[in-house]
$ cat run-v3.cif   # mmCIF, C-alpha atoms
data_run
loop_
_atom_site.label_atom_id
_atom_site.label_comp_id
_atom_site.auth_asym_id
_atom_site.auth_seq_id
_atom_site.Cartn_x
_atom_site.Cartn_y
_atom_site.Cartn_z
CA ASP F 1 21.73 -34.60 -10.90
CA ALA F 2 22.06 -31.25 -9.15
CA THR F 3 19.20 -28.79 -9.34
CA SER F 4 20.18 -25.26 -10.30
CA ARG F 5 19.66 -22.76 -7.50
CA SER F 6 19.01 -19.03 -7.46
CA VAL F 7 19.54 -16.40 -4.79
CA VAL F 8 16.30 -14.53 -4.03
CA VAL F 9 15.23 -11.84 -1.58
CA VAL F 10 12.80 -13.06 1.08
CA ALA F 11 11.14 -11.50 4.10
CA ALA F 12 13.39 -11.92 7.14
CA ARG F 13 10.36 -11.95 9.47
CA ASP F 14 6.58 -11.58 9.22
CA LEU F 15 5.93 -8.10 7.77
CA PRO F 16 2.63 -6.21 7.89
CA SER F 17 1.12 -4.57 4.85
CA GLY F 18 2.43 -1.03 4.40
CA THR F 19 5.92 -1.71 5.76
CA ALA F 20 8.58 0.60 4.33
CA LEU F 21 11.23 -2.04 3.74
CA THR F 22 14.68 -1.73 5.31
CA PRO F 23 17.67 -4.09 5.01
CA ALA F 24 16.73 -5.60 8.40
CA ASP F 25 13.36 -6.72 6.93
CA LEU F 26 14.96 -8.73 4.12
CA THR F 27 17.39 -11.60 3.73
CA LEU F 28 18.75 -13.74 0.93
CA ALA F 29 17.78 -17.37 0.37
CA SER F 30 18.84 -20.01 -2.12
CA TRP F 31 15.85 -21.49 -3.97
CA PRO F 32 15.59 -24.20 -6.60
CA GLY F 33 15.61 -22.36 -9.92
CA GLU F 34 12.43 -24.03 -11.21
CA ILE F 35 10.26 -22.54 -8.43
CA VAL F 36 11.66 -18.98 -8.37
CA PRO F 37 8.77 -16.62 -9.15
CA VAL F 38 8.96 -14.17 -12.04
CA GLY F 39 9.89 -10.66 -10.89
CA VAL F 40 11.61 -11.78 -7.68
CA LEU F 41 14.11 -9.32 -6.26
CA ARG F 42 17.72 -10.51 -6.33
CA ALA F 43 19.30 -8.02 -3.87
CA PRO F 44 17.83 -6.29 -0.78
CA ALA F 45 18.90 -2.93 -2.24
CA ASP F 46 16.36 -3.50 -5.03
CA ALA F 47 13.61 -2.87 -2.46
CA GLY F 48 15.19 0.54 -1.75
CA GLY F 49 12.76 1.72 0.96
CA ARG F 50 9.72 0.76 -1.12
CA VAL F 51 6.46 -0.06 0.62
CA LEU F 52 5.09 -3.58 0.87
CA ALA F 53 1.62 -3.62 -0.69
CA GLY F 54 0.44 -6.64 1.31
CA ALA F 55 1.61 -8.60 4.32
CA ALA F 56 4.46 -11.07 3.81
CA ARG F 57 5.40 -14.10 5.87
CA ALA F 58 8.96 -14.84 6.96
CA GLY F 59 10.73 -16.64 4.12
CA GLU F 60 8.29 -15.44 1.45
CA PRO F 61 9.99 -14.20 -1.74
CA ILE F 62 9.59 -10.50 -2.46
CA THR F 63 8.57 -9.82 -6.05
CA ASP F 64 8.03 -6.58 -7.96
CA VAL F 65 4.23 -6.89 -7.75
CA ARG F 66 4.38 -7.02 -3.92
CA LEU F 67 5.76 -3.47 -3.77
CA THR F 68 4.01 -0.16 -4.32
CA GLY F 69 5.27 1.88 -7.23
CA PRO F 70 4.20 3.71 -10.35
CA ASP F 71 2.32 0.76 -11.82
CA ALA F 72 0.79 -0.63 -8.61
CA ALA F 73 -2.53 1.21 -9.05
CA GLY F 74 -3.04 -0.13 -12.58
CA ARG F 75 -2.11 -3.68 -11.53
CA LEU F 76 -4.77 -3.69 -8.81
CA THR F 77 -7.59 -2.07 -10.78
CA GLY F 78 -6.80 -3.41 -14.24
CA ARG F 79 -6.84 0.20 -15.51
CA PRO F 80 -3.24 1.08 -16.53
CA GLY F 81 -3.85 4.86 -16.31
CA ASP F 82 -4.84 4.82 -12.64
CA ALA F 83 -2.78 6.70 -10.07
CA ALA F 84 -1.94 5.98 -6.44
CA VAL F 85 -2.92 8.65 -3.89
CA PRO F 86 -1.90 8.70 -0.22
CA ILE F 87 -4.58 9.98 2.16
CA ARG F 88 -4.72 10.36 5.93
CA LEU F 89 -8.02 9.32 7.40
CA ALA F 90 -9.75 11.61 9.88
CA ASP F 91 -10.57 8.57 12.06
CA PRO F 92 -7.37 6.50 12.35
CA GLU F 93 -9.30 3.47 13.65
CA VAL F 94 -11.03 3.06 10.28
CA ALA F 95 -7.67 2.10 8.75
CA ARG F 96 -7.75 -1.11 10.81
CA LEU F 97 -10.74 -2.21 8.72
CA LEU F 98 -8.88 -1.77 5.42
CA GLY F 99 -6.45 -3.97 3.54
CA PRO F 100 -5.10 -4.33 0.03
CA GLY F 101 -7.99 -4.79 -2.37
CA SER F 102 -10.61 -3.16 -0.13
CA VAL F 103 -12.95 -0.93 -2.15
CA VAL F 104 -13.98 2.39 -0.64
CA ASP F 105 -15.56 5.73 -1.49
CA VAL F 106 -13.49 8.74 -0.42
CA VAL F 107 -15.60 11.47 1.22
CA THR F 108 -15.14 14.82 2.94
CA PRO F 109 -17.57 17.07 4.85
CA ALA F 110 -19.61 19.52 2.77
CA PRO F 111 -18.63 23.18 3.23
CA ASP F 112 -22.16 23.98 4.47
CA GLY F 113 -22.21 21.02 6.86
CA ASP F 114 -25.05 19.37 4.94
CA ARG F 115 -24.39 16.18 2.98
CA PRO F 116 -20.83 14.87 2.62
CA VAL F 117 -19.05 15.31 -0.69
CA VAL F 118 -18.01 12.11 -2.46
CA LEU F 119 -14.58 12.88 -3.86
CA ALA F 120 -14.12 9.48 -5.51
CA ALA F 121 -16.16 6.29 -5.75
CA ASP F 122 -14.77 2.77 -6.01
CA ALA F 123 -11.23 3.54 -4.87
CA ALA F 124 -9.12 0.39 -4.44
CA VAL F 125 -6.89 0.29 -1.36
CA LEU F 126 -3.31 -0.54 -2.33
CA THR F 127 -1.97 -0.64 1.23
CA VAL F 128 -2.26 0.86 4.71
CA VAL F 129 1.05 2.10 6.12
CA ALA F 130 2.15 0.12 9.14
CA ALA F 131 1.45 1.71 12.55
CA ASP F 132 5.13 1.91 13.50
CA ALA F 133 5.77 3.96 10.33
CA ASP F 134 3.15 6.46 11.57
CA ALA F 135 5.15 6.90 14.76
CA ALA F 136 8.04 8.20 12.63
CA ALA F 137 5.87 10.97 11.13
CA PRO F 138 6.85 14.59 11.84
CA PRO F 139 5.34 16.01 15.05
CA GLY F 140 1.64 16.64 14.69
CA GLN F 141 1.24 14.61 11.49
CA GLY F 142 0.99 11.11 12.96
CA SER F 143 -2.04 12.19 14.97
CA ARG F 144 -3.91 13.11 11.77
CA GLY F 145 -4.57 9.47 11.01
CA ARG F 146 -3.09 6.42 9.33
CA LEU F 147 -1.79 6.78 5.79
CA VAL F 148 -3.81 4.81 3.24
CA LEU F 149 -2.70 4.44 -0.37
CA VAL F 150 -5.64 4.19 -2.79
CA ALA F 151 -5.84 3.65 -6.56
CA LEU F 152 -8.00 6.09 -8.51
CA SER F 153 -8.48 7.43 -12.02
CA ARG F 154 -6.13 10.35 -12.67
CA ALA F 155 -9.00 12.88 -12.51
CA ASP F 156 -10.25 11.53 -9.17
CA ALA F 157 -6.67 11.24 -7.89
CA ALA F 158 -6.03 14.96 -8.41
CA ARG F 159 -9.31 15.91 -6.67
CA VAL F 160 -8.65 13.60 -3.69
CA ALA F 161 -5.01 14.70 -3.32
CA ALA F 162 -6.00 18.38 -3.31
CA ALA F 163 -8.80 17.83 -0.79
CA ALA F 164 -6.56 15.75 1.48
CA LEU F 165 -4.22 18.74 1.86
CA SER F 166 -6.78 20.96 3.54
CA GLU F 167 -9.85 18.93 4.52
CA GLN F 168 -10.70 15.95 6.66
CA VAL F 169 -10.98 12.85 4.53
CA ALA F 170 -12.88 9.66 5.38
CA VAL F 171 -13.87 6.50 3.55
CA THR F 172 -16.99 4.39 3.31
CA LEU F 173 -16.44 0.67 2.88
CA ARG F 174 -18.20 -1.08 0.00
#

$ encode --input "run-v3.cif" --output "structure tokens"
Amino acid sequence: DATSRSVVVVAARDLPSGTALTPADLTLASWPGEIVPVGVLRAPADAGGRVLAGAARAGEPITDVRLTGPDAAGRLTGRPGDAAVPIRLADPEVARLLGPGSVVDVVTPAPDGDRPVVLAADAAVLTVVAADADAAAPPGQGSRGRLVLVALSRADAARVAAAALSEQVAVTLR
């Protein structure tokens, strides 16, 4: 009795969290139909340059929930209205301490140099962009710090995005 099989997209090699997926990162595998996860991608093109929200091992199936996208923030926080905001940290080494699911407060220096301003509390880290992706940043931008994607309420997201354009942004780990 032959088991039905399905073609699924899997990681071609170990991939770090924050990888912008390319065709070289993915391959096709034939899996027994009864163990194929819901939401699995069926063609590498379905990943279309999307960013891996968490690390993946070689041979691991790539599903819709493993990729960042419009609903990734709500999936992580359980609040469907949340938005994802990319920020560059003033101290790029701090990004090494973060991973998907980390909870942070987003802060910036006060204009008067006194106490820092908390732009958003309880931000959930969706992913940290892989270091080799930073190397591809336009000149002068990679040195501003690693890109971290955080989930926030829409009101906090707008405040953090605006501040990140002109101010140094840091996080405190909770």

$ resolve_selection --input "run-v3.cif" --expression "the PyMOL selection byres ((chain F and resi 39-56) around 9)" --output "NGL selection string"
:F and (6-11 or 13-23 or 25-28 or 36-38 or 57-69 or 72 or 99-100 or 126-129)

$ atom_distance --input "run-v3.cif" --atom1 "atom CA of Asp156 of chain F" --atom2 "atom CA of Val94 of chain F"
21.2 Å

$ atom_distance --input "run-v3.cif" --atom1 "atom CA of Arg159 of chain F" --atom2 "atom CA of Ala95 of chain F"
20.8 Å

$ resolve_selection --input "run-v3.cif" --expression "the PyMOL selection byres ((chain F and resi 153) around 8)" --output "PyMOL selection string"
chain F and resi 81-83+151-152+154-157

$ atom_distance --input "run-v3.cif" --atom1 "atom CA of Val150 of chain F" --atom2 "atom CA of Val103 of chain F"
8.9 Å

$ closest_residue --input "run-v3.cif" --among "F:Ser102, F:Trp31, F:Ala110, F:Ala120" --to "Glu167 of chain F" --atoms "only C-alpha atoms"
F:Ala110

$ closest_residue --input "run-v3.cif" --among "F:Ala12, F:Val160, F:Val106, F:Val148" --to "Arg174 of chain F" --atoms "all atoms listed in the file"
F:Val106

$ resolve_selection --input "run-v3.cif" --expression "the PyMOL selection byres ((chain F and resi 172) around 12)" --output "list in words"
Leu89, Asp91, Val94, Ala95, Leu97, Leu98, Ser102, Val103, Val104, Asp105, Val106, Val107, Thr108, Pro116, Val117, Val118, Leu119, Ala120, Ala121, Asp122, Ala123, Ala124, Val125, Val169, Ala170, Val171, Leu173 and Arg174 of chain F

$ write_last_selection --input "run-v3.cif" --atoms "C-alpha atoms" --output "mmCIF file, keeping the file's coordinate frame"
data_model
loop_
_atom_site.group_PDB
_atom_site.id
_atom_site.type_symbol
_atom_site.label_atom_id
_atom_site.label_comp_id
_atom_site.auth_asym_id
_atom_site.auth_seq_id
_atom_site.Cartn_x
_atom_site.Cartn_y
_atom_site.Cartn_z
ATOM 1 C CA LEU F 89 -8.020 9.320 7.400
ATOM 2 C CA ASP F 91 -10.570 8.570 12.060
ATOM 3 C CA VAL F 94 -11.030 3.060 10.280
ATOM 4 C CA ALA F 95 -7.670 2.100 8.750
ATOM 5 C CA LEU F 97 -10.740 -2.210 8.720
ATOM 6 C CA LEU F 98 -8.880 -1.770 5.420
ATOM 7 C CA SER F 102 -10.610 -3.160 -0.130
ATOM 8 C CA VAL F 103 -12.950 -0.930 -2.150
ATOM 9 C CA VAL F 104 -13.980 2.390 -0.640
ATOM 10 C CA ASP F 105 -15.560 5.730 -1.490
ATOM 11 C CA VAL F 106 -13.490 8.740 -0.420
ATOM 12 C CA VAL F 107 -15.600 11.470 1.220
ATOM 13 C CA THR F 108 -15.140 14.820 2.940
ATOM 14 C CA PRO F 116 -20.830 14.870 2.620
ATOM 15 C CA VAL F 117 -19.050 15.310 -0.690
ATOM 16 C CA VAL F 118 -18.010 12.110 -2.460
ATOM 17 C CA LEU F 119 -14.580 12.880 -3.860
ATOM 18 C CA ALA F 120 -14.120 9.480 -5.510
ATOM 19 C CA ALA F 121 -16.160 6.290 -5.750
ATOM 20 C CA ASP F 122 -14.770 2.770 -6.010
ATOM 21 C CA ALA F 123 -11.230 3.540 -4.870
ATOM 22 C CA ALA F 124 -9.120 0.390 -4.440
ATOM 23 C CA VAL F 125 -6.890 0.290 -1.360
ATOM 24 C CA VAL F 169 -10.980 12.850 4.530
ATOM 25 C CA ALA F 170 -12.880 9.660 5.380
ATOM 26 C CA VAL F 171 -13.870 6.500 3.550
ATOM 27 C CA LEU F 173 -16.440 0.670 2.880
ATOM 28 C CA ARG F 174 -18.200 -1.080 0.000
#

$ closest_residue --input "run-v3.cif" --among "F:Asp112, F:Ala73, F:Pro80, F:Arg146" --to "Arg96 of chain F" --atoms "only C-alpha atoms"
F:Arg146

$ axis_aligned_box --input "run-v3.cif" --around "segment 25-28 of chain F" --padding-each-side "3 Å" --output "lines of an AutoDock Vina configuration file"
center_x = 16.1
center_y = -10.2
center_z = 3.9
size_x = 11.4
size_y = 13.0
size_z = 12.0

$ decode --input "run-v3.cif" --residues "segment 83-96 of chain F" --atoms "all heavy atoms" --output "PDB file, in the first residue's frame"
ATOM      1  N   ALA F  83       1.473  45.883  14.383  1.00  0.00           N
ATOM      2  CA  ALA F  83       2.251  46.137  13.171  1.00  0.00           C
ATOM      3  C   ALA F  83       3.706  45.754  13.414  1.00  0.00           C
ATOM      4  O   ALA F  83       4.182  45.750  14.547  1.00  0.00           O
ATOM      5  CB  ALA F  83       2.159  47.618  12.796  1.00  0.00           C
ATOM      6  N   ALA F  84       4.409  45.461  12.330  1.00  0.00           N
ATOM      7  CA  ALA F  84       5.840  45.157  12.397  1.00  0.00           C
ATOM      8  C   ALA F  84       6.615  46.405  12.015  1.00  0.00           C
ATOM      9  O   ALA F  84       6.290  47.072  11.040  1.00  0.00           O
ATOM     10  CB  ALA F  84       6.180  44.017  11.448  1.00  0.00           C
ATOM     11  N   VAL F  85       7.638  46.737  12.812  1.00  0.00           N
ATOM     12  CA  VAL F  85       8.449  47.933  12.574  1.00  0.00           C
ATOM     13  C   VAL F  85       9.918  47.553  12.548  1.00  0.00           C
ATOM     14  O   VAL F  85      10.433  46.966  13.508  1.00  0.00           O
ATOM     15  CB  VAL F  85       8.232  48.981  13.690  1.00  0.00           C
ATOM     16  CG1 VAL F  85       9.071  50.214  13.445  1.00  0.00           C
ATOM     17  CG2 VAL F  85       6.776  49.337  13.828  1.00  0.00           C
ATOM     18  N   PRO F  86      10.628  47.887  11.454  1.00  0.00           N
ATOM     19  CA  PRO F  86      12.075  47.651  11.438  1.00  0.00           C
ATOM     20  C   PRO F  86      12.796  48.810  12.113  1.00  0.00           C
ATOM     21  O   PRO F  86      12.472  49.973  11.881  1.00  0.00           O
ATOM     22  CB  PRO F  86      12.394  47.589   9.945  1.00  0.00           C
ATOM     23  CG  PRO F  86      11.329  48.408   9.293  1.00  0.00           C
ATOM     24  CD  PRO F  86      10.116  48.339  10.170  1.00  0.00           C
ATOM     25  N   ILE F  87      13.749  48.486  12.978  1.00  0.00           N
ATOM     26  CA  ILE F  87      14.576  49.521  13.611  1.00  0.00           C
ATOM     27  C   ILE F  87      16.039  49.098  13.535  1.00  0.00           C
ATOM     28  O   ILE F  87      16.353  47.910  13.539  1.00  0.00           O
ATOM     29  CB  ILE F  87      14.175  49.781  15.088  1.00  0.00           C
ATOM     30  CG1 ILE F  87      14.246  48.501  15.926  1.00  0.00           C
ATOM     31  CG2 ILE F  87      12.792  50.401  15.168  1.00  0.00           C
ATOM     32  CD1 ILE F  87      14.010  48.707  17.413  1.00  0.00           C
ATOM     33  N   ARG F  88      16.906  50.104  13.436  1.00  0.00           N
ATOM     34  CA  ARG F  88      18.353  49.846  13.503  1.00  0.00           C
ATOM     35  C   ARG F  88      18.830  50.272  14.876  1.00  0.00           C
ATOM     36  O   ARG F  88      18.600  51.401  15.294  1.00  0.00           O
ATOM     37  CB  ARG F  88      19.090  50.628  12.430  1.00  0.00           C
ATOM     38  CG  ARG F  88      18.874  50.037  11.069  1.00  0.00           C
ATOM     39  CD  ARG F  88      20.022  50.370  10.125  1.00  0.00           C
ATOM     40  NE  ARG F  88      19.718  49.847   8.821  1.00  0.00           N
ATOM     41  CZ  ARG F  88      20.075  48.630   8.409  1.00  0.00           C
ATOM     42  NH1 ARG F  88      20.776  47.850   9.182  1.00  0.00           N
ATOM     43  NH2 ARG F  88      19.738  48.214   7.210  1.00  0.00           N
ATOM     44  N   LEU F  89      19.485  49.368  15.556  1.00  0.00           N
ATOM     45  CA  LEU F  89      19.948  49.648  16.905  1.00  0.00           C
ATOM     46  C   LEU F  89      21.232  50.461  16.885  1.00  0.00           C
ATOM     47  O   LEU F  89      22.120  50.223  16.058  1.00  0.00           O
ATOM     48  CB  LEU F  89      20.166  48.349  17.662  1.00  0.00           C
ATOM     49  CG  LEU F  89      18.923  47.465  17.808  1.00  0.00           C
ATOM     50  CD1 LEU F  89      19.279  46.198  18.566  1.00  0.00           C
ATOM     51  CD2 LEU F  89      17.802  48.216  18.495  1.00  0.00           C
ATOM     52  N   ALA F  90      21.328  51.411  17.804  1.00  0.00           N
ATOM     53  CA  ALA F  90      22.520  52.252  17.901  1.00  0.00           C
ATOM     54  C   ALA F  90      23.756  51.413  18.220  1.00  0.00           C
ATOM     55  O   ALA F  90      24.837  51.681  17.710  1.00  0.00           O
ATOM     56  CB  ALA F  90      22.310  53.329  18.961  1.00  0.00           C
ATOM     57  N   ASP F  91      23.602  50.389  19.052  1.00  0.00           N
ATOM     58  CA  ASP F  91      24.704  49.482  19.378  1.00  0.00           C
ATOM     59  C   ASP F  91      24.440  48.154  18.684  1.00  0.00           C
ATOM     60  O   ASP F  91      23.611  47.364  19.135  1.00  0.00           O
ATOM     61  CB  ASP F  91      24.807  49.286  20.890  1.00  0.00           C
ATOM     62  CG  ASP F  91      25.953  48.368  21.285  1.00  0.00           C
ATOM     63  OD1 ASP F  91      26.572  47.733  20.397  1.00  0.00           O
ATOM     64  OD2 ASP F  91      26.229  48.281  22.497  1.00  0.00           O
ATOM     65  N   PRO F  92      25.135  47.873  17.568  1.00  0.00           N
ATOM     66  CA  PRO F  92      24.841  46.659  16.800  1.00  0.00           C
ATOM     67  C   PRO F  92      25.090  45.371  17.578  1.00  0.00           C
ATOM     68  O   PRO F  92      24.505  44.340  17.269  1.00  0.00           O
ATOM     69  CB  PRO F  92      25.758  46.764  15.586  1.00  0.00           C
ATOM     70  CG  PRO F  92      26.784  47.778  15.930  1.00  0.00           C
ATOM     71  CD  PRO F  92      26.199  48.672  16.979  1.00  0.00           C
ATOM     72  N   GLU F  93      25.914  45.397  18.609  1.00  0.00           N
ATOM     73  CA  GLU F  93      26.194  44.186  19.385  1.00  0.00           C
ATOM     74  C   GLU F  93      24.982  43.738  20.192  1.00  0.00           C
ATOM     75  O   GLU F  93      24.852  42.558  20.511  1.00  0.00           O
ATOM     76  CB  GLU F  93      27.400  44.408  20.306  1.00  0.00           C
ATOM     77  CG  GLU F  93      28.701  44.627  19.549  1.00  0.00           C
ATOM     78  CD  GLU F  93      29.043  43.462  18.618  1.00  0.00           C
ATOM     79  OE1 GLU F  93      28.981  42.292  19.056  1.00  0.00           O
ATOM     80  OE2 GLU F  93      29.357  43.725  17.450  1.00  0.00           O
ATOM     81  N   VAL F  94      24.088  44.653  20.521  1.00  0.00           N
ATOM     82  CA  VAL F  94      22.892  44.297  21.288  1.00  0.00           C
ATOM     83  C   VAL F  94      22.033  43.317  20.492  1.00  0.00           C
ATOM     84  O   VAL F  94      21.396  42.437  21.065  1.00  0.00           O
ATOM     85  CB  VAL F  94      22.092  45.563  21.684  1.00  0.00           C
ATOM     86  CG1 VAL F  94      20.755  45.196  22.314  1.00  0.00           C
ATOM     87  CG2 VAL F  94      22.912  46.422  22.635  1.00  0.00           C
ATOM     88  N   ALA F  95      22.030  43.440  19.180  1.00  0.00           N
ATOM     89  CA  ALA F  95      21.218  42.555  18.342  1.00  0.00           C
ATOM     90  C   ALA F  95      21.585  41.088  18.548  1.00  0.00           C
ATOM     91  O   ALA F  95      20.737  40.211  18.398  1.00  0.00           O
ATOM     92  CB  ALA F  95      21.373  42.939  16.871  1.00  0.00           C
ATOM     93  N   ARG F  96      22.823  40.814  18.927  1.00  0.00           N
ATOM     94  CA  ARG F  96      23.243  39.423  19.162  1.00  0.00           C
ATOM     95  C   ARG F  96      22.511  38.802  20.352  1.00  0.00           C
ATOM     96  O   ARG F  96      22.447  37.591  20.486  1.00  0.00           O
ATOM     97  CB  ARG F  96      24.741  39.349  19.408  1.00  0.00           C
ATOM     98  CG  ARG F  96      25.567  39.715  18.205  1.00  0.00           C
ATOM     99  CD  ARG F  96      27.050  39.707  18.584  1.00  0.00           C
ATOM    100  NE  ARG F  96      27.842  40.308  17.564  1.00  0.00           N
ATOM    101  CZ  ARG F  96      28.571  39.634  16.691  1.00  0.00           C
ATOM    102  NH1 ARG F  96      28.608  38.321  16.741  1.00  0.00           N
ATOM    103  NH2 ARG F  96      29.269  40.265  15.782  1.00  0.00           N
TER     104      ARG F  96
END
